[in-house]
>>> print(open('query11.pdb').read())   # PDB, C-alpha atoms
ATOM      1  CA  MET A   1      -6.748   0.585  10.510
ATOM      2  CA  ALA A   2      -4.629  -0.607  13.375
ATOM      3  CA  ASP A   3      -5.148   1.145  16.690
ATOM      4  CA  SER A   4      -2.123   3.313  17.412
ATOM      5  CA  ALA A   5      -2.707   2.852  21.153
ATOM      6  CA  THR A   6      -1.754  -0.830  20.896
ATOM      7  CA  THR A   7       1.727  -2.314  20.604
ATOM      8  CA  SER A   8       3.997  -0.422  18.203
ATOM      9  CA  PRO A   9       3.911  -1.930  14.698
ATOM     10  CA  GLU A  10       7.567  -2.916  14.909
ATOM     11  CA  ALA A  11       6.920  -5.043  18.013
ATOM     12  CA  ARG A  12       3.548  -6.637  17.175
ATOM     13  CA  SER A  13       3.179 -10.389  17.265
ATOM     14  CA  GLU A  14       1.322 -12.102  14.433
ATOM     15  CA  ALA A  15      -1.621 -12.598  16.824
ATOM     16  CA  GLU A  16      -1.700  -8.840  17.477
ATOM     17  CA  TRP A  17      -1.570  -8.179  13.722
ATOM     18  CA  ARG A  18      -4.513 -10.559  13.167
ATOM     19  CA  ALA A  19      -6.502  -8.768  15.868
ATOM     20  CA  ALA A  20      -5.709  -5.296  14.471
ATOM     21  CA  LEU A  21      -6.471  -6.005  10.792
ATOM     22  CA  THR A  22      -9.383  -7.357   8.794
ATOM     23  CA  PRO A  23      -8.770 -10.813   7.283
ATOM     24  CA  GLU A  24      -8.180  -9.246   3.833
ATOM     25  CA  GLN A  25      -5.800  -6.614   5.221
ATOM     26  CA  TYR A  26      -3.883  -9.337   7.061
ATOM     27  CA  ARG A  27      -3.659 -11.505   3.927
ATOM     28  CA  VAL A  28      -2.281  -8.614   1.866
ATOM     29  CA  LEU A  29      -0.086  -6.789   4.401
ATOM     30  CA  ARG A  30       1.336  -9.737   6.348
ATOM     31  CA  GLU A  31       1.125 -12.651   3.866
ATOM     32  CA  HIS A  32       2.059 -10.704   0.706
ATOM     33  CA  GLY A  33      -1.337 -11.308  -0.868
ATOM     34  CA  THR A  34      -2.918  -9.467  -3.778
ATOM     35  CA  GLU A  35      -6.519  -8.315  -3.892
ATOM     36  CA  ARG A  36      -8.557  -9.035  -7.012
ATOM     37  CA  ALA A  37      -8.247  -6.334  -9.663
ATOM     38  CA  GLY A  38     -11.042  -3.772  -9.658
ATOM     39  CA  THR A  39     -12.275  -4.570  -6.134
ATOM     40  CA  SER A  40     -10.760  -1.710  -4.109
ATOM     41  CA  CYS A  41     -12.963   1.206  -3.147
ATOM     42  CA  LEU A  42      -9.776   3.323  -3.278
ATOM     43  CA  LEU A  43      -9.514   2.776  -7.024
ATOM     44  CA  ALA A  44     -12.075   5.537  -7.666
ATOM     45  CA  GLU A  45     -10.942   7.839  -4.822
ATOM     46  CA  LYS A  46     -10.390  11.319  -6.256
ATOM     47  CA  ARG A  47     -10.744  13.647  -3.256
ATOM     48  CA  ALA A  48      -7.780  15.631  -1.962
ATOM     49  CA  GLY A  49      -6.046  13.762   0.829
ATOM     50  CA  THR A  50      -3.497  11.147   1.770
ATOM     51  CA  PHE A  51      -3.353   7.373   1.346
ATOM     52  CA  THR A  52      -2.004   5.773   4.527
ATOM     53  CA  CYS A  53      -0.854   2.302   5.557
ATOM     54  CA  ALA A  54      -3.753   0.240   6.899
ATOM     55  CA  GLY A  55      -1.326  -1.475   9.269
ATOM     56  CA  CYS A  56       0.252   1.477  11.036
ATOM     57  CA  GLY A  57      -1.165   4.742   9.661
ATOM     58  CA  GLN A  58       2.068   5.835   7.949
ATOM     59  CA  PRO A  59       1.275   8.403   5.211
ATOM     60  CA  LEU A  60       2.256   6.757   1.905
ATOM     61  CA  PHE A  61       0.957   8.690  -1.124
ATOM     62  CA  GLU A  62      -0.627  12.079  -1.738
ATOM     63  CA  GLN A  63      -3.748  12.172  -3.923
ATOM     64  CA  GLY A  64      -1.926  14.350  -6.478
ATOM     65  CA  THR A  65       0.386  11.449  -7.354
ATOM     66  CA  LYS A  66      -2.471   9.031  -8.119
ATOM     67  CA  PHE A  67      -3.323   8.243 -11.741
ATOM     68  CA  GLU A  68      -5.600   5.971 -13.740
ATOM     69  CA  SER A  69      -3.393   3.094 -14.877
ATOM     70  CA  GLY A  70      -6.163   0.850 -16.217
ATOM     71  CA  THR A  71      -4.740  -2.082 -14.237
ATOM     72  CA  GLY A  72      -7.524  -2.394 -11.662
ATOM     73  CA  TRP A  73      -5.372  -1.321  -8.701
ATOM     74  CA  PRO A  74      -4.773   2.153  -7.243
ATOM     75  CA  SER A  75      -1.644   3.477  -8.955
ATOM     76  CA  PHE A  76       0.710   6.302  -8.044
ATOM     77  CA  PHE A  77       3.790   7.772  -9.690
ATOM     78  CA  GLU A  78       5.583   8.761  -6.471
ATOM     79  CA  PRO A  79       5.381   7.934  -2.754
ATOM     80  CA  ILE A  80       5.871  10.407   0.065
ATOM     81  CA  GLU A  81       9.613  10.656   0.721
ATOM     82  CA  GLY A  82      10.782   7.937   3.125
ATOM     83  CA  ALA A  83       7.331   6.308   3.357
ATOM     84  CA  VAL A  84       8.047   3.099   1.455
ATOM     85  CA  GLU A  85      10.907   0.688   0.934
ATOM     86  CA  THR A  86      11.468  -1.871  -1.806
ATOM     87  CA  THR A  87      12.860  -5.387  -2.054
ATOM     88  CA  VAL A  88      13.344  -7.871  -4.864
ATOM     89  CA  ASP A  89      10.373 -10.249  -5.175
ATOM     90  CA  ARG A  90      11.160 -13.510  -6.980
ATOM     91  CA  SER A  91       7.788 -15.168  -6.336
ATOM     92  CA  HIS A  92       5.516 -16.514  -9.069
ATOM     93  CA  TRP A  93       8.426 -17.329 -11.401
ATOM     94  CA  MET A  94       9.266 -13.683 -12.134
ATOM     95  CA  VAL A  95      11.378 -10.865 -10.743
ATOM     96  CA  ARG A  96       9.512  -7.785  -9.537
ATOM     97  CA  THR A  97      10.150  -4.952  -7.108
ATOM     98  CA  GLU A  98       7.992  -5.285  -4.006
ATOM     99  CA  VAL A  99       6.884  -2.154  -2.158
ATOM    100  CA  HIS A 100       6.337  -2.225   1.586
ATOM    101  CA  CYS A 101       5.636   0.302   4.311
ATOM    102  CA  ALA A 102       8.862   1.727   5.703
ATOM    103  CA  ARG A 103       7.431   1.726   9.242
ATOM    104  CA  CYS A 104       5.626  -1.609   9.727
ATOM    105  CA  LYS A 105       7.066  -3.457   6.695
ATOM    106  CA  GLY A 106       3.564  -4.413   5.500
ATOM    107  CA  HIS A 107       3.304  -5.509   1.843
ATOM    108  CA  LEU A 108       1.670  -2.802  -0.261
ATOM    109  CA  GLY A 109       2.176  -3.962  -3.845
ATOM    110  CA  HIS A 110       4.825  -3.600  -6.557
ATOM    111  CA  VAL A 111       6.485  -0.813  -8.543
ATOM    112  CA  PHE A 112       7.000  -0.957 -12.310
ATOM    113  CA  ASP A 113       8.850   1.307 -14.750
ATOM    114  CA  ASP A 114       5.884   1.924 -17.063
ATOM    115  CA  GLY A 115       4.330   4.907 -15.291
ATOM    116  CA  PRO A 116       3.776   8.508 -16.351
ATOM    117  CA  ALA A 117       6.060  11.529 -16.079
ATOM    118  CA  PRO A 118       7.641  12.907 -14.058
ATOM    119  CA  THR A 119       9.015   9.656 -12.535
ATOM    120  CA  GLY A 120       8.114   7.030 -15.143
ATOM    121  CA  LEU A 121       7.121   4.741 -12.255
ATOM    122  CA  ARG A 122       3.848   2.969 -11.495
ATOM    123  CA  TYR A 123       3.378   2.079  -7.850
ATOM    124  CA  CYS A 124       0.633  -0.540  -8.222
ATOM    125  CA  MET A 125      -0.837  -0.789  -4.722
ATOM    126  CA  ASN A 126      -3.372  -3.041  -3.044
ATOM    127  CA  GLY A 127      -6.243  -0.925  -1.764
ATOM    128  CA  ALA A 128      -6.675  -3.367   1.136
ATOM    129  CA  ALA A 129      -3.240  -2.307   2.358
ATOM    130  CA  MET A 130      -4.210   1.351   2.589
ATOM    131  CA  ASN A 131      -6.727   3.742   4.070
ATOM    132  CA  PHE A 132      -7.610   7.202   2.769
ATOM    133  CA  GLU A 133      -7.610  10.336   4.880
ATOM    134  CA  PRO A 134      -9.403  13.232   3.146
ATOM    135  CA  ALA A 135      -7.833  16.688   3.378
ATOM    136  CA  GLU A 136      -9.534  18.977   5.851
TER     137      GLU A 136
END
>>> encode(input="query11.pdb", output="structure tokens")
Amino acid sequence: MADSATTSPEARSEAEWRAALTPEQYRVLREHGTERAGTSCLLAEKRAGTFTCAGCGQPLFEQGTKFESGTGWPSFFEPIEGAVETTVDRSHWMVRTEVHCARCKGHLGHVFDDGPAPTGLRYCMNGAAMNFEPAE
């Protein structure tokens, strides 16, 4: 995770981002990459706690909103209010809704309308873009 004592996420240069993140985190968060399905250690995370942005520490999802989607990526039906923003993603010859951190604008993944109740949404997130903070 990025060191909060360094430059604020909104003002970081790309060199500062590279220094603060692992190569995989940088590829996903800053270059809109996607990790290989089934590779995230967060996929099996079931403890009580909060999933946070690996770029800036912003709390993103509570454990209680995580579900097993069978896709190979950590999936959630609802983010913490105000934690994420979305944009239209027209890459790869399709139209999807990209999800990014509301604070540092790092790419997290995509949201689809095939999730469970109560929202019907599936926030399909890259584990490399997040950290997990267990509840105390």
>>> residues_around(input="query11.pdb", residues="stretch 62-79 of chain A", least_positions_apart="6", cutoff="8 Å", atoms="only C-alpha atoms", output="ChimeraX atom specification")
/A:37-40,42-43,46-51,115-127
>>> atom_distance(input="query11.pdb", atom1="atom CA of A:Glu16", atom2="atom CA of A:Cys104")
12.9 Å
>>> closest_residue(input="query11.pdb", among="A:Cys101, A:Ala19, A:Ala44, A:Val95", to="A:Pro59", atoms="all atoms listed in the file")
A:Cys101
>>> closest_residue(input="query11.pdb", among="A:Asp113, A:Arg103, A:Met94, A:Tyr26", to="A:Gly57", atoms="only C-alpha atoms")
A:Arg103
>>> residues_around(input="query11.pdb", residues="A:Ala83", least_positions_apart="2", cutoff="6 Å", atoms="only C-alpha atoms", output="JSON, numbers by chain")
{"A": [60, 80, 81, 102]}
>>> resolve_selection(input="query11.pdb", expression="the PyMOL selection byres ((chain A and resi 88) around 12)", output="list in words")
Glu85, Thr86, Thr87, Asp89, Arg90, Ser91, Met94, Val95, Arg96, Thr97, Glu98, Val99, His100, Gly109, His110, Val111 and Phe112 of chain A
>>> atom_distance(input="query11.pdb", atom1="atom CA of A:His32", atom2="atom CA of A:His107")
5.5 Å
>>> atom_distance(input="query11.pdb", atom1="atom CA of A:Thr52", atom2="atom CA of A:Trp17")
16.7 Å
>>> resolve_selection(input="query11.pdb", expression="the PyMOL selection byres ((chain A and resi 27) around 12)", output="list of chain:residue names")
A:Glu14, A:Trp17, A:Arg18, A:Leu21, A:Thr22, A:Pro23, A:Glu24, A:Gln25, A:Tyr26, A:Val28, A:Leu29, A:Arg30, A:Glu31, A:His32, A:Gly33, A:Thr34, A:Glu35, A:Gly55, A:Gly106, A:His107, A:Leu108, A:Asn126, A:Ala128, A:Ala129
>>> closest_residue(input="query11.pdb", among="A:Met130, A:Val84, A:Cys41, A:Ala11", to="A:Cys53", atoms="only C-alpha atoms")
A:Met130
>>> decode(input="query11.pdb", residues="stretch 73-101 of chain A", atoms="N, CA and C atoms", output="PDB file, in the first residue's frame")
ATOM      1  N   TRP A  73     -12.418 -13.390  -9.702  1.00  0.00           N
ATOM      2  CA  TRP A  73     -12.026 -12.101  -9.139  1.00  0.00           C
ATOM      3  C   TRP A  73     -12.888 -11.819  -7.910  1.00  0.00           C
ATOM      4  N   PRO A  74     -12.340 -11.111  -6.911  1.00  0.00           N
ATOM      5  CA  PRO A  74     -13.162 -10.725  -5.768  1.00  0.00           C
ATOM      6  C   PRO A  74     -14.362  -9.909  -6.252  1.00  0.00           C
ATOM      7  N   SER A  75     -15.551 -10.296  -5.802  1.00  0.00           N
ATOM      8  CA  SER A  75     -16.775  -9.634  -6.251  1.00  0.00           C
ATOM      9  C   SER A  75     -17.589  -9.143  -5.063  1.00  0.00           C
ATOM     10  N   PHE A  76     -18.224  -8.003  -5.258  1.00  0.00           N
ATOM     11  CA  PHE A  76     -18.998  -7.340  -4.214  1.00  0.00           C
ATOM     12  C   PHE A  76     -20.303  -6.845  -4.816  1.00  0.00           C
ATOM     13  N   PHE A  77     -21.354  -6.756  -3.996  1.00  0.00           N
ATOM     14  CA  PHE A  77     -22.611  -6.243  -4.530  1.00  0.00           C
ATOM     15  C   PHE A  77     -22.828  -4.764  -4.239  1.00  0.00           C
ATOM     16  N   GLU A  78     -21.962  -4.166  -3.382  1.00  0.00           N
ATOM     17  CA  GLU A  78     -22.142  -2.749  -3.069  1.00  0.00           C
ATOM     18  C   GLU A  78     -20.881  -2.165  -2.461  1.00  0.00           C
ATOM     19  N   PRO A  79     -20.427  -1.013  -2.977  1.00  0.00           N
ATOM     20  CA  PRO A  79     -19.271  -0.342  -2.365  1.00  0.00           C
ATOM     21  C   PRO A  79     -19.710   0.498  -1.172  1.00  0.00           C
ATOM     22  N   ILE A  80     -18.737   0.937  -0.401  1.00  0.00           N
ATOM     23  CA  ILE A  80     -18.993   1.903   0.666  1.00  0.00           C
ATOM     24  C   ILE A  80     -19.422   3.204  -0.009  1.00  0.00           C
ATOM     25  N   GLU A  81     -20.426   3.861   0.538  1.00  0.00           N
ATOM     26  CA  GLU A  81     -20.955   5.077  -0.087  1.00  0.00           C
ATOM     27  C   GLU A  81     -19.857   6.109  -0.339  1.00  0.00           C
ATOM     28  N   GLY A  82     -19.773   6.587  -1.573  1.00  0.00           N
ATOM     29  CA  GLY A  82     -18.815   7.618  -1.958  1.00  0.00           C
ATOM     30  C   GLY A  82     -17.405   7.119  -2.211  1.00  0.00           C
ATOM     31  N   ALA A  83     -17.159   5.821  -2.067  1.00  0.00           N
ATOM     32  CA  ALA A  83     -15.794   5.286  -2.179  1.00  0.00           C
ATOM     33  C   ALA A  83     -15.318   5.098  -3.608  1.00  0.00           C
ATOM     34  N   VAL A  84     -16.246   4.819  -4.517  1.00  0.00           N
ATOM     35  CA  VAL A  84     -15.860   4.559  -5.906  1.00  0.00           C
ATOM     36  C   VAL A  84     -16.637   5.462  -6.851  1.00  0.00           C
ATOM     37  N   GLU A  85     -16.080   5.613  -8.042  1.00  0.00           N
ATOM     38  CA  GLU A  85     -16.736   6.330  -9.126  1.00  0.00           C
ATOM     39  C   GLU A  85     -16.692   5.431 -10.350  1.00  0.00           C
ATOM     40  N   THR A  86     -17.532   5.719 -11.326  1.00  0.00           N
ATOM     41  CA  THR A  86     -17.554   4.907 -12.543  1.00  0.00           C
ATOM     42  C   THR A  86     -17.432   5.779 -13.777  1.00  0.00           C
ATOM     43  N   THR A  87     -16.916   5.170 -14.839  1.00  0.00           N
ATOM     44  CA  THR A  87     -16.833   5.811 -16.152  1.00  0.00           C
ATOM     45  C   THR A  87     -17.137   4.753 -17.209  1.00  0.00           C
ATOM     46  N   VAL A  88     -17.457   5.203 -18.397  1.00  0.00           N
ATOM     47  CA  VAL A  88     -17.686   4.283 -19.504  1.00  0.00           C
ATOM     48  C   VAL A  88     -16.336   3.841 -20.046  1.00  0.00           C
ATOM     49  N   ASP A  89     -16.168   2.540 -20.211  1.00  0.00           N
ATOM     50  CA  ASP A  89     -14.931   1.941 -20.732  1.00  0.00           C
ATOM     51  C   ASP A  89     -15.262   1.304 -22.080  1.00  0.00           C
ATOM     52  N   ARG A  90     -14.697   1.847 -23.144  1.00  0.00           N
ATOM     53  CA  ARG A  90     -14.953   1.334 -24.493  1.00  0.00           C
ATOM     54  C   ARG A  90     -13.760   0.555 -25.043  1.00  0.00           C
ATOM     55  N   SER A  91     -12.876   0.092 -24.162  1.00  0.00           N
ATOM     56  CA  SER A  91     -11.705  -0.657 -24.613  1.00  0.00           C
ATOM     57  C   SER A  91     -12.085  -2.091 -24.980  1.00  0.00           C
ATOM     58  N   HIS A  92     -11.233  -2.751 -25.691  1.00  0.00           N
ATOM     59  CA  HIS A  92     -11.404  -4.161 -26.053  1.00  0.00           C
ATOM     60  C   HIS A  92     -12.692  -4.420 -26.833  1.00  0.00           C
ATOM     61  N   TRP A  93     -13.093  -3.458 -27.649  1.00  0.00           N
ATOM     62  CA  TRP A  93     -14.232  -3.620 -28.559  1.00  0.00           C
ATOM     63  C   TRP A  93     -15.538  -3.942 -27.845  1.00  0.00           C
ATOM     64  N   MET A  94     -15.727  -3.395 -26.650  1.00  0.00           N
ATOM     65  CA  MET A  94     -16.980  -3.568 -25.918  1.00  0.00           C
ATOM     66  C   MET A  94     -17.214  -2.339 -25.055  1.00  0.00           C
ATOM     67  N   VAL A  95     -18.419  -2.219 -24.542  1.00  0.00           N
ATOM     68  CA  VAL A  95     -18.751  -1.122 -23.633  1.00  0.00           C
ATOM     69  C   VAL A  95     -19.011  -1.721 -22.260  1.00  0.00           C
ATOM     70  N   ARG A  96     -18.219  -1.257 -21.285  1.00  0.00           N
ATOM     71  CA  ARG A  96     -18.368  -1.710 -19.900  1.00  0.00           C
ATOM     72  C   ARG A  96     -18.350  -0.490 -18.997  1.00  0.00           C
ATOM     73  N   THR A  97     -18.669  -0.703 -17.726  1.00  0.00           N
ATOM     74  CA  THR A  97     -18.603   0.371 -16.746  1.00  0.00           C
ATOM     75  C   THR A  97     -17.388   0.134 -15.867  1.00  0.00           C
ATOM     76  N   GLU A  98     -16.408   1.021 -15.993  1.00  0.00           N
ATOM     77  CA  GLU A  98     -15.181   0.922 -15.203  1.00  0.00           C
ATOM     78  C   GLU A  98     -15.422   1.493 -13.806  1.00  0.00           C
ATOM     79  N   VAL A  99     -14.801   0.868 -12.823  1.00  0.00           N
ATOM     80  CA  VAL A  99     -14.875   1.327 -11.436  1.00  0.00           C
ATOM     81  C   VAL A  99     -13.486   1.800 -11.035  1.00  0.00           C
ATOM     82  N   HIS A 100     -13.422   2.989 -10.454  1.00  0.00           N
ATOM     83  CA  HIS A 100     -12.148   3.489  -9.951  1.00  0.00           C
ATOM     84  C   HIS A 100     -12.332   4.118  -8.573  1.00  0.00           C
ATOM     85  N   CYS A 101     -11.237   4.216  -7.856  1.00  0.00           N
ATOM     86  CA  CYS A 101     -11.238   4.799  -6.522  1.00  0.00           C
ATOM     87  C   CYS A 101     -11.619   6.275  -6.620  1.00  0.00           C
TER      88      CYS A 101
END
